[in-house]
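S.K.: Input file: data.txt. Contents: compact mmCIF, C-alpha atoms and all ligand atoms.
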```txt
# COMPACT_ATOMS: atom_id res chain seq x y z
CA MET S 20 0.00 0.00 0.00
CA THR S 21 1.36 3.49 -0.83
CA ALA S 22 1.55 6.25 1.80
CA PRO S 23 -1.08 8.96 1.43
CA ARG S 24 0.24 11.90 -0.52
CA PRO S 25 0.27 15.34 1.08
CA ALA S 26 -2.63 17.57 0.18
CA ALA S 27 -2.01 19.38 -3.07
CA PRO S 28 -3.86 22.15 -4.76
CA GLY S 29 -6.32 21.31 -7.42
CA PRO S 30 -8.71 18.46 -7.44
CA ARG S 31 -8.18 16.23 -4.47
CA PRO S 32 -7.09 12.85 -5.55
CA ARG S 33 -9.39 10.20 -4.25
CA PRO S 34 -7.78 8.19 -1.52
CA PRO S 35 -7.37 4.62 -2.49
CA ALA S 36 -10.45 2.68 -1.63
CA PRO S 37 -9.98 0.59 1.47
CA PRO S 38 -9.97 -3.12 0.78
CA PRO S 39 -13.58 -4.24 0.81
CA ARG S 40 -14.49 -5.68 4.17
CA ARG S 41 -15.82 -9.11 3.66
CA SER S 42 -19.08 -9.13 5.55
CA TRP S 43 -20.25 -12.17 7.45
CA ALA S 44 -23.21 -12.35 5.12
CA ARG S 45 -20.86 -12.69 2.15
CA ARG S 46 -18.74 -15.24 3.91
CA ILE S 47 -21.80 -17.25 4.82
CA ALA S 48 -23.07 -16.99 1.24
CA ALA S 49 -19.73 -18.29 0.01
CA ILE S 50 -19.84 -21.18 2.43
CA VAL S 51 -23.38 -22.02 1.42
CA THR S 52 -22.43 -21.94 -2.25
CA VAL S 53 -19.53 -24.27 -1.67
CA ALA S 54 -21.71 -26.49 0.45
CA LEU S 55 -24.39 -26.55 -2.26
CA VAL S 56 -21.84 -27.54 -4.87
CA ALA S 57 -20.70 -30.32 -2.58
CA VAL S 58 -24.30 -31.37 -1.99
CA ALA S 59 -24.99 -31.31 -5.73
CA ILE S 60 -22.08 -33.64 -6.35
CA GLY S 61 -23.27 -35.81 -3.46
CA VAL S 62 -26.83 -35.87 -4.80
CA GLY S 63 -25.55 -36.88 -8.22
CA VAL S 64 -23.68 -39.81 -6.72
CA ALA S 65 -26.65 -40.68 -4.50
CA LEU S 66 -28.98 -40.59 -7.52
CA VAL S 67 -26.86 -43.10 -9.37
CA ILE S 68 -26.86 -45.32 -6.29
CA VAL S 69 -30.64 -44.93 -5.90
CA LYS S 70 -31.00 -45.79 -9.57
CA ARG S 71 -28.78 -48.80 -9.10
CA VAL S 72 -30.83 -49.96 -6.11
CA ARG S 73 -34.13 -49.41 -7.94
CA THR S 74 -33.30 -50.74 -11.37
CA GLY S 75 -30.26 -52.94 -10.83
CA GLU S 76 -28.17 -51.02 -13.33
CA TRP S 77 -25.70 -48.16 -13.11
CA ARG S 78 -27.08 -45.28 -15.12
CA ALA S 79 -26.84 -41.54 -15.00
CA PRO S 80 -29.84 -39.98 -13.26
CA THR S 81 -32.61 -38.66 -15.49
CA VAL S 82 -34.96 -35.72 -15.07
CA GLY S 83 -37.50 -38.22 -13.73
CA ASP S 84 -35.09 -39.32 -11.00
CA LEU S 85 -34.53 -35.72 -9.99
CA ALA S 86 -38.29 -35.16 -9.79
CA GLU S 87 -38.60 -38.26 -7.66
CA ILE S 88 -35.85 -37.15 -5.30
CA LYS S 89 -37.49 -33.71 -5.07
CA ARG S 90 -40.75 -35.42 -4.12
CA ASP S 91 -38.96 -37.57 -1.54
CA VAL S 92 -37.31 -34.52 0.02
CA ALA S 93 -40.57 -32.54 0.01
CA GLN S 94 -42.26 -35.50 1.64
CA ARG S 95 -39.65 -35.66 4.35
CA LEU S 96 -40.05 -31.95 5.03
CA ASP S 97 -43.83 -31.75 4.83
CA GLY S 98 -44.77 -35.25 5.97
CA PRO S 99 -46.53 -37.75 3.74
CA PRO S 100 -49.22 -36.44 1.38
CA PRO S 101 -52.74 -36.85 2.72
CA VAL S 102 -54.73 -40.03 2.15
CA PRO S 103 -56.63 -39.56 -1.14
CA ARG S 104 -60.33 -39.02 -0.50
CA VAL S 105 -61.42 -39.03 -4.13
CA ILE S 106 -61.57 -42.09 -6.36
CA PHE S 107 -61.70 -40.98 -9.99
CA LEU S 108 -63.16 -43.51 -12.42
CA ASP S 109 -61.79 -42.38 -15.77
CA PRO S 110 -63.54 -43.79 -18.86
CA ARG S 111 -61.43 -41.82 -21.35
CA PRO S 112 -58.81 -43.21 -23.69
CA ARG S 113 -55.53 -41.79 -22.47
CA THR S 114 -51.78 -42.15 -22.43
CA LEU S 115 -50.02 -42.74 -19.14
CA THR S 116 -46.31 -42.41 -18.58
CA ALA S 117 -43.80 -44.36 -16.49
CA GLY S 118 -42.88 -42.90 -13.13
CA SER S 119 -43.86 -42.90 -9.51
CA ASP S 120 -47.61 -42.66 -9.06
CA ASP S 121 -49.15 -39.26 -9.61
CA ALA S 122 -52.79 -39.53 -10.63
CA ALA S 123 -53.12 -35.89 -11.67
CA ALA S 124 -49.97 -36.02 -13.80
CA GLY S 125 -50.84 -39.38 -15.33
CA THR S 126 -47.63 -41.11 -14.22
CA SER S 127 -47.83 -44.67 -13.03
CA SER S 128 -45.49 -47.12 -11.29
CA VAL S 129 -47.45 -50.00 -12.85
CA ILE S 130 -46.55 -48.59 -16.29
CA ALA S 131 -42.94 -48.10 -15.11
CA HIS S 132 -42.84 -51.76 -14.12
CA GLN S 133 -43.34 -52.61 -17.81
CA GLY S 134 -40.51 -50.34 -18.97
CA ASP S 135 -39.92 -46.70 -19.81
CA ALA S 136 -42.41 -46.45 -22.68
CA PRO S 137 -45.68 -44.54 -22.28
CA ARG S 138 -48.79 -46.70 -22.75
CA THR S 139 -52.20 -45.84 -24.11
CA VAL S 140 -55.37 -47.34 -22.66
CA PRO S 141 -58.44 -47.29 -24.91
CA GLY S 142 -61.00 -46.33 -22.27
CA TRP S 143 -64.51 -47.59 -21.62
CA LYS S 144 -66.20 -49.33 -24.58
CA GLY S 145 -69.35 -50.50 -22.80
CA SER S 146 -72.66 -48.65 -23.00
CA ALA S 147 -73.51 -45.45 -21.15
CA LYS S 148 -76.00 -47.44 -19.05
CA GLN S 149 -73.30 -49.97 -18.13
CA TRP S 150 -71.02 -47.10 -17.13
CA ARG S 151 -73.69 -45.58 -14.86
CA ASP S 152 -74.27 -48.98 -13.27
CA LEU S 153 -70.53 -49.35 -12.76
CA VAL S 154 -70.20 -45.97 -11.04
CA THR S 155 -73.22 -46.75 -8.81
CA CYS S 156 -71.74 -50.12 -7.89
CA VAL S 157 -68.30 -48.69 -6.99
CA ARG S 158 -70.00 -45.98 -4.90
CA ALA S 159 -71.86 -48.69 -3.01
CA GLN S 160 -68.62 -50.59 -2.36
CA PHE S 161 -67.12 -47.54 -0.67
CA ALA S 162 -70.36 -46.17 0.82
CA ALA S 163 -69.32 -46.79 4.43
CA PHE S 164 -66.07 -44.86 4.13
CA ASP S 165 -65.15 -41.19 3.98
CA VAL S 166 -64.23 -41.14 0.30
CA GLU S 167 -65.89 -39.78 -2.84
CA VAL S 168 -66.30 -41.91 -5.98
CA THR S 169 -66.67 -39.80 -9.12
CA ASP S 170 -66.32 -39.97 -12.89
CA GLN S 171 -65.70 -36.23 -13.13
CA LEU S 172 -62.10 -34.95 -13.34
CA PRO S 173 -61.14 -34.12 -9.74
CA THR S 174 -59.97 -30.66 -8.80
CA THR S 175 -57.71 -32.08 -6.10
CA ARG S 176 -54.32 -33.59 -6.87
CA GLU S 177 -54.89 -36.03 -3.99
CA HIS S 178 -56.94 -38.68 -5.75
CA VAL S 179 -56.76 -42.27 -6.90
CA LEU S 180 -57.00 -42.59 -10.67
CA VAL S 181 -58.75 -45.69 -11.98
CA ALA S 182 -58.01 -46.11 -15.69
CA VAL S 183 -61.04 -48.13 -16.77
CA GLY S 184 -61.01 -50.12 -20.01
CA GLY S 185 -58.85 -52.11 -22.34
CA ARG S 186 -56.84 -55.24 -21.82
CA PRO S 187 -53.59 -56.05 -20.01
CA LYS S 188 -51.66 -56.08 -23.31
CA ASP S 189 -52.47 -52.37 -23.77
CA ILE S 190 -49.95 -51.63 -21.04
CA GLY S 191 -47.55 -54.42 -21.97
CA VAL S 192 -48.78 -57.12 -19.57
CA LYS S 193 -48.74 -60.51 -21.30
CA ASP S 194 -51.15 -62.43 -19.02
CA ALA S 195 -54.52 -61.87 -20.72
CA GLN S 196 -56.41 -63.11 -17.63
CA VAL S 197 -55.38 -60.14 -15.50
CA ALA S 198 -58.52 -58.15 -14.67
CA GLY S 199 -56.79 -55.27 -12.92
CA LEU S 200 -53.49 -53.98 -11.58
CA ALA S 201 -52.49 -51.65 -8.78
CA PRO S 202 -49.34 -50.57 -7.00
CA PHE S 203 -49.06 -52.26 -3.59
CA ASN S 204 -46.67 -51.99 -0.65
CA GLY S 205 -48.97 -52.70 2.30
CA GLU S 206 -49.42 -48.99 3.01
CA VAL S 207 -51.34 -46.10 1.48
CA ILE S 208 -49.86 -45.11 -1.87
CA PRO S 209 -50.62 -41.44 -2.39
CA ARG S 210 -51.98 -40.40 -5.81
CA ALA S 211 -52.06 -44.00 -6.99
CA VAL S 212 -52.89 -44.98 -10.55
CA VAL S 213 -54.72 -48.32 -10.81
CA PHE S 214 -56.08 -50.24 -13.79
CA ALA S 215 -59.33 -52.10 -14.42
CA PHE S 216 -59.15 -53.92 -17.75
CA ALA S 217 -62.86 -53.80 -18.48
CA ALA S 218 -62.56 -55.49 -21.89
CA THR S 219 -61.38 -58.74 -20.25
CA GLN S 220 -64.75 -58.80 -18.44
CA SER S 221 -66.78 -57.71 -21.49
CA HIS S 222 -67.64 -54.44 -19.70
CA GLN S 223 -69.96 -56.24 -17.28
CA PRO S 224 -70.51 -53.63 -14.55
CA ARG S 225 -70.55 -55.98 -11.54
CA GLY S 226 -67.32 -57.78 -12.39
CA VAL S 227 -65.49 -54.58 -13.31
CA CYS S 228 -66.84 -52.95 -10.14
CA GLU S 229 -65.43 -55.70 -7.94
CA THR S 230 -62.09 -55.45 -9.74
CA ILE S 231 -62.01 -51.69 -9.16
CA ALA S 232 -62.82 -52.15 -5.46
CA MET S 233 -59.92 -54.58 -5.12
CA GLU S 234 -57.40 -52.48 -7.03
CA VAL S 235 -58.27 -49.26 -5.23
CA ALA S 236 -58.08 -51.07 -1.87
CA HIS S 237 -54.57 -52.30 -2.80
CA ALA S 238 -53.62 -48.63 -3.22
CA TYR S 239 -54.94 -48.06 0.32
CA GLY S 240 -52.68 -50.88 1.56
CA LEU S 241 -55.04 -53.87 1.62
CA ASP S 242 -53.77 -57.36 0.82
CA HIS S 243 -55.60 -60.26 -0.87
CA GLU S 244 -57.89 -62.05 1.54
CA TYR S 245 -58.67 -65.75 1.79
CA LEU S 246 -62.43 -65.27 2.05
CA CYS S 247 -64.66 -65.96 -0.96
CA SER S 248 -67.28 -63.31 -0.10
CA ASP S 249 -64.68 -60.56 0.19
CA VAL S 250 -63.85 -58.29 -2.72
CA MET S 251 -60.15 -58.75 -1.90
CA SER S 252 -60.39 -62.46 -2.65
CA TYR S 253 -59.00 -64.56 -5.50
CA LEU S 254 -61.19 -67.51 -4.53
CA LYS S 255 -64.15 -68.60 -6.60
CA PRO S 256 -66.80 -66.01 -5.79
CA CYS S 257 -69.57 -67.05 -3.39
CA GLY S 258 -72.14 -64.39 -4.22
CA LYS S 259 -71.57 -60.69 -4.76
CA ARG S 260 -68.31 -59.56 -3.25
CA ARG S 261 -67.80 -56.61 -0.93
CA PHE S 262 -65.55 -55.49 1.91
CA VAL S 263 -66.58 -57.94 4.62
CA ASP S 264 -66.36 -57.08 8.33
CA LYS S 265 -64.65 -60.33 9.29
CA ASP S 266 -61.09 -61.31 10.23
CA ALA S 267 -59.71 -63.67 7.61
CA PRO S 268 -56.27 -64.96 6.64
CA CYS S 269 -54.63 -63.32 3.64
CA GLY S 270 -53.79 -65.34 0.54
CA GLU S 271 -54.65 -66.13 -3.04
CA LYS S 272 -55.01 -69.88 -3.69
CA LYS S 273 -54.12 -70.75 -0.10
CA ALA S 274 -54.06 -68.97 3.23
CA ARG S 275 -50.93 -67.09 4.27
CA ALA S 276 -49.91 -64.30 6.63
CA CYS S 277 -50.73 -60.77 5.50
CA ALA S 278 -48.28 -58.20 4.14
CA GLY S 279 -46.80 -56.59 7.22
CA GLY S 280 -46.94 -59.85 9.19
CA ALA S 281 -50.45 -59.88 10.68
CA ALA S 282 -52.15 -63.28 10.72
CA THR S 283 -55.45 -61.89 9.46
CA GLN S 284 -57.00 -58.92 7.71
CA ASN S 285 -60.46 -57.44 8.07
CA SER S 286 -60.89 -55.49 4.82
CA PHE S 287 -63.85 -53.48 6.11
CA ARG S 288 -62.12 -52.44 9.36
CA ARG S 289 -58.86 -51.76 7.59
CA LEU S 290 -60.49 -49.34 5.13
CA LEU S 291 -62.38 -47.76 8.00
CA ALA S 292 -59.08 -47.19 9.81
CA VAL S 293 -57.49 -45.64 6.71
CA LEU S 294 -60.41 -43.52 5.47
CA GLY S 295 -62.67 -43.11 8.48
CA PRO S 296 -66.45 -43.53 8.36
CA ARG S 297 -68.54 -41.54 5.89
CA PRO S 298 -69.88 -38.50 7.73
CA ALA S 299 -73.65 -38.45 8.18
CA THR S 300 -75.23 -36.30 5.49
CA THR S 301 -77.40 -33.44 6.62
CA PRO S 302 -80.78 -33.16 4.83
ZN ZN S 401 -55.43 -57.92 -6.33
```
What's the structure tokens form of this structure?

M.R.:
Amino acid sequence: MTAPRPAAPGPRPRPPAPPPRRSWARRIAAIVTVALVAVAIGVGVALVIVKRVRTGEWRAPTVGDLAEIKRDVAQRLDGPPPVPRVIFLDPRPRTLTAGSDDAAAGTSSVIAHQGDAPRTVPGWKGSAKQWRDLVTCVRAQFAAFDVEVTDQLPTTREHVLVAVGGRPKDIGVKDAQVAGLAPFNGEVIPRAVVFAFAATQSHQPRGVCETIAMEVAHAYGLDHEYLCSDVMSYLKPCGKRRFVDKDAPCGEKKARACAGGAATQNSFRRLLAVLGPRPATTP
């Protein structure tokens, strides 16, 4: 640094500016920036690991992975999204994309299970009367619980989407006998997308209705039940199926313990615990 010159006539030279004082705010900002860069590198590595864990292959993360991580982080900060209280029966032909379930966005883990390609379902091909009967039947299945069944596009993001129509092959599933598909992990899957392949049941409202009840209940965490009168059953039907208020073993062709380890499941009580009872309507 040079010594200040003595005052001289004429315009006063400007003293040299003092070295800028680095404020704490700036220092903190710098630290945060560095930390963010470090985090970004860390997230990149973590994403590849997550990808490896999820798909079994080492691949660079995609935009979809980033969106998923963002959702995971948001979920950790805000808590899990609320239990969906709207079941949307969608009769329209539509294309759904692979991803974690988001009914409003039309992304589906069931589609993702078949690969990265988007899939188009043809929609309901039964009559208008059959559709009305179907909606009435599904409403009756869920009548005891605090949930709305509608065929109108919901305004809330928190809903279960039921893509009604078509056959398993439309979404790449080879087994032509499959009547429906849903994501399942033994807990509530927020914003789930489930499928009811109405064409495999010739658009018969009762059969499709029972399929929808089962698939939606899977999204609410319910397992298959070893009870022929229950809508969660794979057994030969013994009459019309519904959610039965009875403890029964889980299982498909034979009894087994339920997902989560319980010896039995009561589908009616379980849905009641998840959704709560339908509030009494005021006249
Ligand atoms: Zn099932």

S.K.: Select the residues contacting ligand ZN 401 (chain S) at a distance of at most 7 Å, based on all atoms listed in the file, then format the selection as an mmCIF file with C-alpha atoms, in the frame of the given file.

M.R.:
```cif
data_model
loop_
_atom_site.group_PDB
_atom_site.id
_atom_site.type_symbol
_atom_site.label_atom_id
_atom_site.label_comp_id
_atom_site.auth_asym_id
_atom_site.auth_seq_id
_atom_site.Cartn_x
_atom_site.Cartn_y
_atom_site.Cartn_z
ATOM 1 C CA LEU S 200 -53.490 -53.980 -11.580
ATOM 2 C CA MET S 233 -59.920 -54.580 -5.120
ATOM 3 C CA GLU S 234 -57.400 -52.480 -7.030
ATOM 4 C CA HIS S 237 -54.570 -52.300 -2.800
ATOM 5 C CA HIS S 243 -55.600 -60.260 -0.870
ATOM 6 C CA MET S 251 -60.150 -58.750 -1.900
#
```

S.K.: Would you please work out which residue, of S:Pro141, S:Pro202, S:Gly279, S:Gly226, is nearest to Lys259 in chain S when using only C-alpha atoms?

M.R.: S:Gly226

S.K.: I'd like the neighbourhood of Pro110 in chain S as a PyMOL selection string, where a residue qualifies if any of its atoms comes within 7 Å (using only C-alpha atoms), though same-chain residues fewer than 4 positions away should be ignored.

M.R.: chain S and resi 142-143+182-184

S.K.: In terms of the shortest atom-to-atom distance over only C-alpha atoms, which of S:Leu241, S:Leu108, S:Ala122, S:Cys277 is closest to Ala215 in chain S?

M.R.: S:Leu108

S.K.: Mind pulling up the distance from CA of Pro209 in chain S to CA of Val179 in chain S?

M.R.: 7.7 Å

S.K.: For Ser128 in chain S, which residue among S:Gly199, S:Lys144, S:Leu294, S:Thr116 is the nearest when counting all atoms listed in the file?

M.R.: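 Answer, going by the shortest atom-to-atom distance: S:Thr116.
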
S.K.: Which is closest to Pro100 in chain S among S:Ala147, S:Ala232, S:Val207, S:Val227, if we use all atoms listed in the file?

M.R.: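 Residue with the minimum atom-to-atom distance to Pro100 in chain S: S:Val207.
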
S.K.: Enter the distance from CA of Ala211 in chain S to CA of Val293 in chain S, in Å, rounded to one decimal.

M.R.: 14.8 Å

S.K.: Looking at S:Gly240, S:Gly118, S:Gly258, S:Pro103, which one is nearest to Ala136 in chain S, with distances taken over all atoms listed in the file?

M.R.: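 Selected residue with least distance to Ala136 in chain S: S:Gly118.
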
S.K.: If we count all atoms listed in the file, what is near Thr175 in chain S at a cut-off of 12 Å, once residues fewer than 3 positions away on the same chain are taken out, given as a PyMOL selection string?

M.R.: chain S and resi 101-107+121-124+167+171-172+178-180+210

S.K.: Quick check, in Å to one decimal: how far apart do CA of Pro296 in chain S and CA of Ala159 in chain S lie?

M.R.: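 Between these atoms lies a distance of 13.6 Å.
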
S.K.: With all atoms listed in the file counted, which protein, DNA or RNA residues have an atom no more than 6 Å from (-66.8, -44.4, -7.0) in the file frame? Please answer as an NGL selection string.

M.R.: :S and (106 or 154 or 157-158 or 168-169)

S.K.: Please return the centre and edge lengths, in Å to one decimal, of a box with edges along x, y and z that contains all listed atoms of range 110-125 of chain S, widened by 8 Å on every side, as AutoDock Vina command-line options.

M.R.:
```
--center_x -53.2 --center_y -40.1 --center_z -16.4 --size_x 36.7 --size_y 24.5 --size_z 30.6
```

S.K.: Have a look at S:Asn204, S:Thr300, S:Gln284, S:Ser221 and name the one nearest to Ser146 in chain S; count all atoms listed in the file.

M.R.: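 Closest candidate: S:Ser221.
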
S.K.: Taking the partial coordinates given, rebuild range 135-170 of chain S to contain N, CA and C atoms; return it as an mmCIF file, in the coordinates of the input.

M.R.:
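Okay, this is what ended up in result-v4.cif:
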```cif
data_model
loop_
_atom_site.group_PDB
_atom_site.id
_atom_site.type_symbol
_atom_site.label_atom_id
_atom_site.label_comp_id
_atom_site.auth_asym_id
_atom_site.auth_seq_id
_atom_site.Cartn_x
_atom_site.Cartn_y
_atom_site.Cartn_z
ATOM 1 N N ASP S 135 -39.886 -48.161 -19.779
ATOM 2 C CA ASP S 135 -39.920 -46.700 -19.810
ATOM 3 C C ASP S 135 -40.975 -46.130 -20.743
ATOM 4 N N ALA S 136 -41.522 -46.962 -21.632
ATOM 5 C CA ALA S 136 -42.410 -46.450 -22.680
ATOM 6 C C ALA S 136 -43.755 -46.009 -22.109
ATOM 7 N N PRO S 137 -44.298 -44.906 -22.632
ATOM 8 C CA PRO S 137 -45.680 -44.540 -22.280
ATOM 9 C C PRO S 137 -46.643 -45.569 -22.875
ATOM 10 N N ARG S 138 -47.804 -45.713 -22.263
ATOM 11 C CA ARG S 138 -48.790 -46.700 -22.750
ATOM 12 C C ARG S 138 -50.149 -46.012 -22.869
ATOM 13 N N THR S 139 -50.888 -46.446 -23.881
ATOM 14 C CA THR S 139 -52.200 -45.840 -24.110
ATOM 15 C C THR S 139 -53.300 -46.859 -23.823
ATOM 16 N N VAL S 140 -54.214 -46.476 -22.944
ATOM 17 C CA VAL S 140 -55.370 -47.340 -22.660
ATOM 18 C C VAL S 140 -56.564 -46.810 -23.461
ATOM 19 N N PRO S 141 -57.393 -47.719 -23.982
ATOM 20 C CA PRO S 141 -58.440 -47.290 -24.910
ATOM 21 C C PRO S 141 -59.679 -46.700 -24.250
ATOM 22 N N GLY S 142 -59.818 -46.885 -22.944
ATOM 23 C CA GLY S 142 -61.000 -46.330 -22.270
ATOM 24 C C GLY S 142 -62.191 -47.278 -22.307
ATOM 25 N N TRP S 143 -63.290 -46.793 -21.766
ATOM 26 C CA TRP S 143 -64.510 -47.590 -21.620
ATOM 27 C C TRP S 143 -65.194 -47.796 -22.971
ATOM 28 N N LYS S 144 -65.518 -49.036 -23.310
ATOM 29 C CA LYS S 144 -66.200 -49.330 -24.580
ATOM 30 C C LYS S 144 -67.581 -49.961 -24.336
ATOM 31 N N GLY S 145 -68.003 -50.031 -23.089
ATOM 32 C CA GLY S 145 -69.350 -50.500 -22.800
ATOM 33 C C GLY S 145 -70.356 -49.384 -23.056
ATOM 34 N N SER S 146 -71.625 -49.657 -22.758
ATOM 35 C CA SER S 146 -72.660 -48.650 -23.000
ATOM 36 C C SER S 146 -72.654 -47.602 -21.891
ATOM 37 N N ALA S 147 -73.367 -46.504 -22.152
ATOM 38 C CA ALA S 147 -73.510 -45.450 -21.150
ATOM 39 C C ALA S 147 -74.242 -45.986 -19.921
ATOM 40 N N LYS S 148 -75.241 -46.854 -20.166
ATOM 41 C CA LYS S 148 -76.000 -47.440 -19.050
ATOM 42 C C LYS S 148 -75.074 -48.324 -18.200
ATOM 43 N N GLN S 149 -74.247 -49.125 -18.873
ATOM 44 C CA GLN S 149 -73.300 -49.970 -18.130
ATOM 45 C C GLN S 149 -72.341 -49.109 -17.306
ATOM 46 N N TRP S 150 -71.935 -47.985 -17.867
ATOM 47 C CA TRP S 150 -71.020 -47.100 -17.130
ATOM 48 C C TRP S 150 -71.703 -46.545 -15.874
ATOM 49 N N ARG S 151 -72.958 -46.104 -16.031
ATOM 50 C CA ARG S 151 -73.690 -45.580 -14.860
ATOM 51 C C ARG S 151 -73.828 -46.658 -13.790
ATOM 52 N N ASP S 152 -74.145 -47.875 -14.228
ATOM 53 C CA ASP S 152 -74.270 -48.980 -13.270
ATOM 54 C C ASP S 152 -72.935 -49.240 -12.570
ATOM 55 N N LEU S 153 -71.868 -49.131 -13.332
ATOM 56 C CA LEU S 153 -70.530 -49.350 -12.760
ATOM 57 C C LEU S 153 -70.231 -48.312 -11.686
ATOM 58 N N VAL S 154 -70.479 -47.035 -12.006
ATOM 59 C CA VAL S 154 -70.200 -45.970 -11.040
ATOM 60 C C VAL S 154 -71.040 -46.170 -9.777
ATOM 61 N N THR S 155 -72.325 -46.508 -9.953
ATOM 62 C CA THR S 155 -73.220 -46.750 -8.810
ATOM 63 C C THR S 155 -72.694 -47.894 -7.956
ATOM 64 N N CYS S 156 -72.245 -48.945 -8.602
ATOM 65 C CA CYS S 156 -71.740 -50.120 -7.890
ATOM 66 C C CYS S 156 -70.473 -49.789 -7.090
ATOM 67 N N VAL S 157 -69.544 -49.032 -7.705
ATOM 68 C CA VAL S 157 -68.300 -48.690 -6.990
ATOM 69 C C VAL S 157 -68.628 -47.777 -5.805
ATOM 70 N N ARG S 158 -69.577 -46.848 -6.016
ATOM 71 C CA ARG S 158 -70.000 -45.980 -4.900
ATOM 72 C C ARG S 158 -70.523 -46.821 -3.742
ATOM 73 N N ALA S 159 -71.301 -47.834 -4.065
ATOM 74 C CA ALA S 159 -71.860 -48.690 -3.010
ATOM 75 C C ALA S 159 -70.744 -49.442 -2.270
ATOM 76 N N GLN S 160 -69.730 -49.868 -3.005
ATOM 77 C CA GLN S 160 -68.620 -50.590 -2.360
ATOM 78 C C GLN S 160 -67.933 -49.722 -1.294
ATOM 79 N N PHE S 161 -67.847 -48.426 -1.583
ATOM 80 C CA PHE S 161 -67.120 -47.540 -0.670
ATOM 81 C C PHE S 161 -68.070 -46.661 0.156
ATOM 82 N N ALA S 162 -69.356 -47.031 0.188
ATOM 83 C CA ALA S 162 -70.360 -46.170 0.820
ATOM 84 C C ALA S 162 -70.107 -45.952 2.312
ATOM 85 N N ALA S 163 -69.502 -46.913 2.983
ATOM 86 C CA ALA S 163 -69.320 -46.790 4.430
ATOM 87 C C ALA S 163 -68.143 -45.894 4.804
ATOM 88 N N PHE S 164 -67.337 -45.531 3.824
ATOM 89 C CA PHE S 164 -66.070 -44.860 4.130
ATOM 90 C C PHE S 164 -66.081 -43.410 3.660
ATOM 91 N N ASP S 165 -65.200 -42.618 4.282
ATOM 92 C CA ASP S 165 -65.150 -41.190 3.980
ATOM 93 C C ASP S 165 -64.310 -40.957 2.723
ATOM 94 N N VAL S 166 -64.906 -41.298 1.585
ATOM 95 C CA VAL S 166 -64.230 -41.140 0.300
ATOM 96 C C VAL S 166 -65.289 -40.929 -0.775
ATOM 97 N N GLU S 167 -64.950 -40.090 -1.757
ATOM 98 C CA GLU S 167 -65.890 -39.780 -2.840
ATOM 99 C C GLU S 167 -65.517 -40.592 -4.076
ATOM 100 N N VAL S 168 -66.517 -41.201 -4.704
ATOM 101 C CA VAL S 168 -66.300 -41.910 -5.980
ATOM 102 C C VAL S 168 -66.940 -41.055 -7.074
ATOM 103 N N THR S 169 -66.152 -40.685 -8.082
ATOM 104 C CA THR S 169 -66.670 -39.800 -9.120
ATOM 105 C C THR S 169 -66.132 -40.199 -10.486
ATOM 106 N N ASP S 170 -66.873 -39.812 -11.548
ATOM 107 C CA ASP S 170 -66.320 -39.970 -12.890
ATOM 108 C C ASP S 170 -66.047 -38.606 -13.522
#
```
